[in-house]
>>> print(open('model.txt').read())   # compact mmCIF, C-alpha atoms
# COMPACT_ATOMS: atom_id res chain seq x y z
CA MET A 1378 0.00 0.00 0.00
CA ASN A 1379 1.28 3.42 -0.80
CA LEU A 1380 1.15 6.38 1.53
CA THR A 1381 -2.21 7.67 0.30
CA SER A 1382 -3.87 4.31 0.78
CA ARG A 1383 -2.45 4.01 4.25
CA VAL A 1384 -3.69 7.47 5.16
CA ILE A 1385 -7.15 6.63 3.90
CA ALA A 1386 -7.17 3.36 5.81
CA VAL A 1387 -6.10 5.01 9.03
CA LEU A 1388 -8.62 7.80 8.68
CA THR A 1389 -11.33 5.28 7.95
CA LEU A 1390 -10.50 3.31 11.07
CA VAL A 1391 -10.42 6.43 13.19
CA VAL A 1392 -13.77 7.70 11.97
CA LEU A 1393 -15.32 4.27 12.23
CA SER A 1394 -14.13 4.03 15.82
CA LEU A 1395 -15.68 7.38 16.57
CA SER A 1396 -18.92 6.25 14.99
CA VAL A 1397 -19.02 3.10 17.05
CA ALA A 1398 -18.33 5.08 20.20
CA ASP A 1399 -21.11 7.40 19.16
CA VAL A 1400 -23.57 4.54 19.44
CA ALA A 1401 -22.86 4.11 23.11
CA TYR A 1402 -21.92 7.54 24.29
CA ALA A 1403 -22.75 10.54 22.22
CA SER A 1404 -26.47 10.47 21.72
CA THR A 1405 -29.50 11.56 23.68
CA TRP A 1406 -32.73 9.67 23.71
CA THR A 1407 -35.80 9.00 25.73
CA VAL A 1408 -35.14 5.87 27.69
CA ALA A 1409 -37.86 3.43 28.43
CA LEU A 1410 -38.53 2.53 32.03
CA HIS A 1411 -39.64 -0.74 33.40
CA THR A 1412 -43.29 -0.66 34.31
CA GLY A 1413 -43.81 0.51 37.86
CA SER A 1414 -40.81 2.81 38.02
CA HIS A 1415 -41.56 5.11 40.90
CA GLY A 1416 -40.33 6.38 44.25
CA GLU A 1417 -41.40 6.49 47.84
CA ALA A 1418 -42.72 9.43 49.86
CA GLN A 1419 -44.07 9.77 53.37
CA SER A 1420 -46.60 11.95 55.13
CA VAL A 1421 -46.43 13.46 58.57
CA ALA A 1422 -48.11 12.00 61.59
CA LEU A 1423 -50.94 14.25 62.75
CA LEU A 1424 -50.31 15.11 66.35
CA PRO A 1425 -52.22 17.27 68.83
CA PRO A 1426 -50.27 20.01 70.52
CA SER A 1427 -48.45 19.25 73.71
CA GLY A 1428 -48.17 21.36 76.83
CA VAL A 1429 -51.72 22.64 76.91
CA ALA A 1430 -52.04 24.86 79.97
CA ALA A 1431 -54.68 27.16 81.41
CA ALA A 1432 -54.28 29.99 83.92
CA CYS A 1433 -56.21 32.99 85.16
CA THR A 1434 -55.27 36.29 83.66
CA THR A 1435 -54.63 39.26 85.87
CA PRO A 1436 -56.39 40.85 87.48
CA ALA A 1437 -58.41 37.87 88.58
CA SER A 1438 -61.49 40.01 88.63
CA ASN A 1439 -61.50 39.91 84.86
CA GLN A 1440 -62.78 36.34 85.15
CA GLN A 1441 -60.72 35.30 82.16
CA ILE A 1442 -58.53 32.28 81.46
CA ALA A 1443 -55.49 32.21 79.17
CA VAL A 1444 -54.89 28.93 77.35
CA THR A 1445 -51.48 28.16 75.79
CA TRP A 1446 -49.96 25.18 73.95
CA GLY A 1447 -46.89 24.18 72.00
CA PRO A 1448 -46.46 24.61 68.24
CA VAL A 1449 -47.05 21.77 65.77
CA ALA A 1450 -45.24 21.59 62.45
CA HIS A 1451 -47.41 22.29 59.42
CA ALA A 1452 -50.45 23.14 61.54
CA SER A 1453 -52.75 25.52 59.75
CA GLU A 1454 -55.08 26.14 62.70
CA PHE A 1455 -55.88 24.98 66.20
CA ASP A 1456 -59.25 24.22 67.72
CA VAL A 1457 -59.70 25.09 71.40
CA LEU A 1458 -62.16 22.87 73.25
CA GLN A 1459 -63.65 23.84 76.59
CA SER A 1460 -65.24 21.75 79.28
CA VAL A 1461 -67.37 23.33 81.99
CA ASN A 1462 -67.99 21.49 85.23
CA THR A 1463 -66.52 18.24 83.76
CA GLY A 1464 -68.97 18.29 80.91
CA SER A 1465 -68.19 17.46 77.31
CA TYR A 1466 -65.48 19.38 75.53
CA LEU A 1467 -66.93 21.77 72.98
CA SER A 1468 -65.16 23.96 70.45
CA VAL A 1469 -64.93 27.56 71.57
CA ALA A 1470 -62.28 29.00 69.27
CA THR A 1471 -60.30 28.31 66.08
CA LEU A 1472 -57.08 30.24 65.52
CA THR A 1473 -53.62 30.04 64.01
CA GLY A 1474 -51.58 31.01 67.05
CA THR A 1475 -50.61 29.07 70.15
CA ALA A 1476 -52.46 31.11 72.77
CA TRP A 1477 -56.03 32.12 73.40
CA THR A 1478 -57.85 34.03 76.13
CA THR A 1479 -61.44 33.53 77.08
CA SER A 1480 -64.03 36.22 77.41
CA THR A 1481 -65.50 36.93 80.85
CA LEU A 1482 -66.56 33.63 82.32
CA SER A 1483 -69.44 32.75 84.54
CA LYS A 1484 -69.18 30.65 87.66
CA GLY A 1485 -67.86 27.15 87.05
CA SER A 1486 -64.86 24.84 86.68
CA TYR A 1487 -63.04 25.03 83.37
CA SER A 1488 -60.53 22.86 81.53
CA TYR A 1489 -59.30 22.84 77.97
CA GLU A 1490 -58.06 20.64 75.15
CA VAL A 1491 -56.63 21.67 71.80
CA GLU A 1492 -56.74 19.95 68.41
CA THR A 1493 -54.40 20.47 65.46
CA GLU A 1494 -55.79 21.16 62.01
CA VAL A 1495 -53.74 20.69 58.86
CA GLY A 1496 -55.32 21.73 55.62
CA SER A 1497 -59.04 21.48 55.24
CA THR A 1498 -59.47 17.85 56.17
CA TRP A 1499 -57.00 16.82 58.82
CA THR A 1500 -57.96 17.26 62.46
CA SER A 1501 -55.95 15.56 65.16
CA ALA A 1502 -57.19 13.83 68.24
CA PRO A 1503 -57.61 16.17 71.21
CA SER A 1504 -54.62 16.97 73.33
CA SER A 1505 -54.38 16.00 76.93
CA PRO A 1506 -56.60 18.30 79.01
CA SER A 1507 -55.19 21.25 80.86
CA THR A 1508 -54.76 20.57 84.53
CA PRO A 1509 -55.78 21.49 87.09
CA ALA A 1510 -59.20 22.75 86.20
CA ILE A 1511 -59.65 26.50 86.77
CA SER A 1512 -62.50 27.64 88.97
CA VAL A 1513 -64.37 30.89 88.59
CA THR A 1514 -66.33 31.84 91.66
CA ASN A 1515 -67.84 35.05 92.98
CA LYS A 1516 -66.72 36.95 89.89
CA VAL A 1517 -63.09 36.06 90.49
CA CYS A 1518 -60.89 33.65 88.56
CA GLY A 1519 -58.94 31.12 90.57
CA MET B 272 -10.73 -4.33 -4.51
CA ARG B 273 -7.47 -5.04 -6.33
CA TRP B 274 -5.32 -2.38 -7.80
CA THR B 275 -2.31 -2.42 -10.07
CA PRO B 276 0.39 0.16 -9.69
CA ARG B 277 1.80 1.57 -12.85
CA LYS B 278 4.36 4.15 -13.62
CA ALA B 279 3.25 7.68 -14.19
CA ALA B 280 4.62 10.17 -16.60
CA ASP B 281 6.81 11.66 -13.89
CA GLY B 282 8.99 8.60 -13.83
CA GLY B 283 7.15 6.56 -11.16
CA ARG B 284 7.20 8.94 -8.25
CA ARG B 285 3.38 8.82 -8.20
CA GLN B 286 1.17 5.79 -8.37
CA ARG B 287 -2.34 5.33 -9.63
CA PHE B 288 -4.94 2.87 -8.25
CA GLY B 289 -5.83 0.72 -11.17
CA SER B 290 -8.81 2.18 -12.95
CA TRP B 291 -9.72 4.45 -9.93
CA SER B 292 -8.05 7.77 -9.46
CA THR B 293 -6.68 8.71 -6.04
CA ARG B 294 -9.35 11.40 -5.76
CA ALA B 295 -12.07 8.85 -6.45
CA LYS B 296 -10.64 6.56 -3.83
CA ILE B 297 -10.58 9.27 -1.23
CA VAL B 298 -14.06 10.49 -2.06
CA SER B 299 -15.52 7.02 -1.95
CA GLY B 300 -13.73 6.27 1.29
CA ILE B 301 -15.03 9.38 2.95
CA ALA B 302 -18.48 8.72 1.63
CA GLY B 303 -18.38 5.25 3.09
CA VAL B 304 -17.26 6.54 6.44
CA VAL B 305 -19.99 9.17 6.48
CA MET B 306 -22.61 6.57 5.63
CA VAL B 307 -21.48 4.28 8.42
CA GLY B 308 -21.31 7.11 10.90
CA THR B 309 -24.73 8.37 9.96
CA GLY B 310 -26.19 4.93 10.36
CA ALA B 311 -24.68 4.53 13.77
CA TYR B 312 -25.92 7.92 14.90
CA ALA B 313 -29.41 7.34 13.56
CA ALA B 314 -29.59 4.09 15.45
CA THR B 315 -29.10 5.86 18.77
CA ASN B 316 -31.62 8.66 18.42
CA TRP B 317 -34.88 7.01 19.15
CA VAL B 318 -37.93 7.67 21.20
CA VAL B 319 -39.36 4.63 22.84
CA GLY B 320 -42.86 3.91 23.94
CA LEU B 321 -43.48 2.42 27.34
CA SER B 322 -46.14 -0.17 26.73
CA GLY B 323 -45.34 -3.27 28.64
CA GLY B 324 -42.14 -1.77 29.88
CA SER B 325 -40.12 -3.56 27.24
CA ALA B 326 -40.45 -1.32 24.24
CA SER B 327 -36.75 -0.92 23.81
CA GLU B 328 -36.23 -4.56 22.97
CA ALA B 329 -37.52 -4.02 19.49
CA GLN B 330 -35.35 -0.97 19.03
CA SER B 331 -31.97 -2.13 20.09
CA ALA B 332 -30.41 -5.20 21.57
CA THR B 333 -27.76 -3.17 23.35
CA ILE B 334 -29.71 -0.49 25.23
CA GLN B 335 -31.94 -1.75 28.00
CA ASN B 336 -34.66 -0.14 30.04
CA ILE B 337 -33.61 1.46 33.28
CA SER B 338 -35.59 0.91 36.45
CA ILE B 339 -36.61 3.29 39.21
CA ALA B 340 -37.76 1.66 42.42
CA ALA B 341 -39.10 2.93 45.70
CA VAL B 342 -36.71 2.65 48.57
CA ALA B 343 -37.10 3.31 52.28
CA ALA B 344 -33.56 4.42 53.04
CA PRO B 345 -32.49 7.09 53.39
CA SER B 346 -35.77 8.24 54.83
CA ALA B 347 -37.36 11.37 53.48
CA THR B 348 -36.50 14.59 55.27
CA ASN B 349 -39.44 16.62 54.07
CA LEU B 350 -42.72 14.85 54.73
CA LEU B 351 -46.03 15.40 53.01
CA TYR B 352 -48.96 17.16 54.60
CA PRO B 353 -52.11 18.73 53.17
CA GLY B 354 -51.10 21.58 50.93
CA GLY B 355 -47.41 20.74 51.25
CA ASN B 356 -44.61 19.01 49.37
CA GLY B 357 -42.40 16.13 50.38
CA ASP B 358 -39.31 14.24 49.33
CA VAL B 359 -39.34 11.17 47.12
CA VAL B 360 -36.64 8.56 47.54
CA ALA B 361 -35.83 6.14 44.75
CA THR B 362 -33.18 3.79 43.47
CA ILE B 363 -32.28 3.95 39.80
CA THR B 364 -30.83 0.83 38.21
CA ASN B 365 -28.88 0.96 34.98
CA PRO B 366 -28.50 -2.50 33.41
CA ASN B 367 -26.42 -1.22 30.53
CA SER B 368 -22.70 -1.69 30.14
CA PHE B 369 -22.15 2.03 29.88
CA PRO B 370 -23.02 4.91 32.21
CA VAL B 371 -26.35 6.62 31.70
CA THR B 372 -26.89 10.26 32.56
CA ILE B 373 -30.46 11.31 33.29
CA THR B 374 -31.29 14.93 32.68
CA ALA B 375 -35.08 15.01 32.96
CA VAL B 376 -38.07 12.97 34.02
CA ASN B 377 -41.43 12.52 32.38
CA LEU B 378 -44.37 12.62 34.74
CA PRO B 379 -47.86 11.17 34.64
CA THR B 380 -50.83 13.50 34.90
CA ASN B 381 -51.61 15.56 37.97
CA THR B 382 -54.63 13.39 38.65
CA THR B 383 -52.59 10.21 38.87
CA TYR B 384 -52.38 9.59 42.60
CA ALA B 385 -49.95 7.66 44.74
CA SER B 386 -51.04 4.66 46.75
CA GLY B 387 -50.78 4.74 50.52
CA TYR B 388 -49.25 2.03 52.71
CA THR B 389 -48.90 1.56 56.43
CA THR B 390 -45.14 0.95 56.43
CA SER B 391 -42.11 1.79 54.34
CA ALA B 392 -42.16 -1.74 52.97
CA LEU B 393 -45.18 -0.66 50.90
CA SER B 394 -46.81 -4.02 51.48
CA THR B 395 -49.98 -3.26 53.44
CA ALA B 396 -52.42 -0.79 51.97
CA GLN B 397 -53.50 2.15 54.09
CA THR B 398 -57.29 2.03 54.34
CA GLY B 399 -58.88 5.11 52.83
CA CYS B 400 -55.66 6.27 51.18
CA SER B 401 -55.55 4.57 47.80
CA SER B 402 -54.56 5.63 44.31
CA THR B 403 -58.07 6.96 43.86
CA THR B 404 -58.24 9.00 47.06
CA SER B 405 -54.77 9.96 48.29
CA ASP B 406 -54.45 13.30 46.48
CA VAL B 407 -50.69 12.74 46.39
CA VAL B 408 -49.11 13.48 43.02
CA TRP B 409 -45.74 14.29 41.53
CA ASN B 410 -44.99 17.94 42.04
CA TYR B 411 -45.20 20.08 38.88
CA SER B 412 -47.10 17.38 37.01
CA THR B 413 -49.67 18.72 34.58
CA ALA B 414 -52.90 17.62 32.99
CA THR B 415 -50.84 16.11 30.20
CA SER B 416 -49.16 12.76 30.67
CA GLY B 417 -45.46 12.68 29.85
CA SER B 418 -44.62 16.27 30.68
CA SER B 419 -40.84 16.68 30.87
CA HIS B 420 -39.12 18.24 33.89
CA THR B 421 -35.42 19.00 33.93
CA LEU B 422 -33.37 17.92 36.91
CA THR B 423 -31.42 20.57 38.76
CA THR B 424 -28.32 18.40 38.39
CA PRO B 425 -27.94 15.55 35.88
CA LEU B 426 -27.72 12.13 37.51
CA THR B 427 -25.19 9.65 36.16
CA VAL B 428 -25.77 6.00 36.98
CA ALA B 429 -22.71 3.82 36.60
CA ALA B 430 -22.59 0.98 34.11
CA ASN B 431 -24.49 -1.95 35.57
CA GLY B 432 -24.93 0.16 38.69
CA THR B 433 -27.53 1.65 40.97
CA LEU B 434 -27.99 5.10 42.37
CA THR B 435 -30.17 6.07 45.31
CA VAL B 436 -31.48 9.60 45.07
CA THR B 437 -33.76 11.83 47.08
CA PHE B 438 -35.86 14.13 44.94
CA THR B 439 -36.40 17.07 47.26
CA ASN B 440 -40.02 18.21 47.56
CA ASP B 441 -41.03 16.55 44.31
CA ALA B 442 -44.15 14.96 45.75
CA SER B 443 -47.20 17.07 46.52
CA MET B 444 -50.31 16.54 48.62
CA THR B 445 -53.38 18.66 48.03
CA SER B 446 -54.98 20.54 50.88
CA SER B 447 -58.00 18.25 50.71
CA ALA B 448 -56.15 14.96 51.14
CA PRO B 449 -58.07 12.60 53.41
CA LEU B 450 -57.14 12.22 57.05
CA ALA B 451 -56.55 8.54 56.35
CA CYS B 452 -53.38 9.57 54.51
CA ALA B 453 -51.70 10.92 57.63
CA ASN B 454 -48.61 9.04 58.82
CA THR B 455 -48.57 7.06 55.57
CA PHE B 456 -45.94 5.81 53.14
CA PHE B 457 -46.62 6.35 49.48
CA SER B 458 -45.73 4.47 46.37
CA MET B 459 -45.55 7.30 43.88
CA PRO B 460 -47.21 6.94 40.47
CA SER B 461 -45.00 5.42 37.80
CA LEU B 462 -42.95 7.83 35.78
CA THR B 463 -43.67 7.71 32.08
CA GLY B 464 -40.02 8.04 31.06
CA VAL B 465 -36.75 9.82 31.50
CA THR B 466 -34.49 11.74 29.19
CA ALA B 467 -31.00 10.35 29.27
CA SER B 468 -27.78 10.00 27.40
CA GLY B 469 -25.12 7.34 27.39
CA GLY B 470 -21.65 8.54 28.01
CA ALA B 471 -18.37 8.11 29.77
CA ALA B 472 -19.35 10.37 32.65
CA THR B 473 -18.40 10.11 36.29
CA ALA B 474 -21.09 8.33 38.24
CA THR B 475 -23.03 10.36 40.78
CA THR B 476 -22.19 9.39 44.33
CA SER B 477 -24.96 7.50 46.07
CA PRO B 478 -27.04 8.50 47.94
CA ALA B 479 -27.62 11.71 46.06
CA THR B 480 -30.03 14.61 46.30
CA ASP B 481 -31.66 16.21 43.30
CA ALA B 482 -34.92 17.79 42.22
CA TRP B 483 -36.90 19.32 39.46
CA THR B 484 -38.26 22.72 40.36
CA SER B 485 -40.62 23.52 37.54
>>> encode(input="model.txt", output="structure tokens")
Amino acid sequence: MNLTSRVIAVLTLVVLSLSVADVAYASTWTVALHTGSHGEAQSVALLPPSGVAAACTTPASNQQIAVTWGPVAHASEFDVLQSVNTGSYLSVATLTGTAWTTSTLSKGSYSYEVETEVGSTWTSAPSSPSTPAISVTNKVCG
Amino acid sequence: MRWTPRKAADGGRRQRFGSWSTRAKIVSGIAGVVMVGTGAYAATNWVVGLSGGSASEAQSATIQNISIAAVAAPSATNLLYPGGNGDVVATITNPNSFPVTITAVNLPTNTTYASGYTTSALSTAQTGCSSTTSDVVWNYSTATSGSSHTLTTPLTVAANGTLTVTFTNDASMTSSAPLACANTFFSMPSLTGVTASGGAATATTSPATDAWTS
């Protein structure tokens, strides 16, 4: 083979090698996936707030009780439930914060629970009740 | 092809290739190379359907489907809640003998819901939190199946290797998801495809973190 033929042969081999490599490496395509190719996610556990506490505001003659509780991640709102004289707990307020104060209360024994709301459909179980119960007597709290 | 050298008019310093001129030889050689190269390139630019999960078999014997599987570890950092986003953890398996770099994912529709399970093993269904009720979808999915979403960072899976990756906040739960889906593990809806390229790239270290953000 003369020089020209050798040059052609070498060039051919080089370009062919590049072409073969191109098959494996240089292209972009949409790759098929095996059926059921997916991933895993997880949702939060819905918990009521902890540390629910109730205390008379000052002055006691206001006949008001302040209720506080701890924050809950992702909570959109909290429901405050009130029990009077060990009766059933009924919702008395819905708010976004972690504290609430009653209006002027009448005579009785009061305790509170709080529920966590997340979104429009998730409501937690009630928290543990505030203890001890707060008494309002003779127009004075406590 | 056989050629016979013969002396030229310059006293034999040049040779001719039988009945073909040197120029013809070169042109034909280049043409042949171009044809081969074009064929090889054309063979690698294909779009594959996903029916049965084995569509690529008819396209090429050398490029195989990749797999993406749910995996429990590492656990997700960002968890789903109504109106919020959460992480998705997956393992990508590349059965090919060359690295594959994934640059985008193709998502099912935004009404294709994940299925809920009681544990990370995804073996026991969560009552009331099924693929018809969970309201958990891929984030940024649209009403059109197969929408493409570019990864923040390309992921390279080693030849015959696996890569575990956390897609940050790429699952989404609507604000009206049922309470039954609280404290639940989800098998995300199947992806419809990925956009990838084969290449001698450095494999991404596993476990990795990535995302699509639009």
>>> residues_around(input="model.txt", residues="Ala1432 (chain A)", least_positions_apart="6", cutoff="8 Å", atoms="only C-alpha atoms", output="list in words")
Ile1442, Ala1443, Val1444 and Ile1511 of chain A
>>> atom_distance(input="model.txt", atom1="CA of Asp481 (chain B)", atom2="CA of Ser416 (chain B)")
21.9 Å
>>> closest_residue(input="model.txt", among="A:Thr1479, A:Gln1441, A:His1451, A:Gly1416", to="Leu350 (chain B)", atoms="only C-alpha atoms")
A:His1451
>>> atom_distance(input="model.txt", atom1="CA of Val436 (chain B)", atom2="CA of Thr415 (chain B)")
25.3 Å
>>> residues_around(input="model.txt", residues="Asn1439 (chain A)", least_positions_apart="6", cutoff="8 Å", atoms="all atoms listed in the file", output="list of chain:residue names")
A:Thr1481, A:Lys1516, A:Val1517, A:Cys1518
>>> closest_residue(input="model.txt", among="A:Ala1476, A:Glu1490, A:Gln1419, A:Ser1465", to="chain B", atoms="only C-alpha atoms")
A:Gln1419
>>> atom_distance(input="model.txt", atom1="CA of Tyr1489 (chain A)", atom2="CA of Val1449 (chain A)")
17.3 Å
>>> closest_residue(input="model.txt", among="A:Asn1515, A:Thr1445, A:Ser1483, A:Thr1381", to="chain B", atoms="only C-alpha atoms")
A:Thr1381
>>> residues_around(input="model.txt", residues="region 437-449 of chain B", least_positions_apart="5", cutoff="9 Å", atoms="all atoms listed in the file", output="JSON, numbers by chain")
{"A": [1416, 1418, 1420, 1495, 1496, 1497, 1498, 1499], "B": [345, 346, 347, 348, 349, 350, 351, 352, 353, 354, 355, 356, 357, 358, 359, 360, 361, 362, 399, 400, 404, 405, 406, 407, 408, 409, 410, 411, 459, 478, 479, 480, 481, 482, 483, 484]}
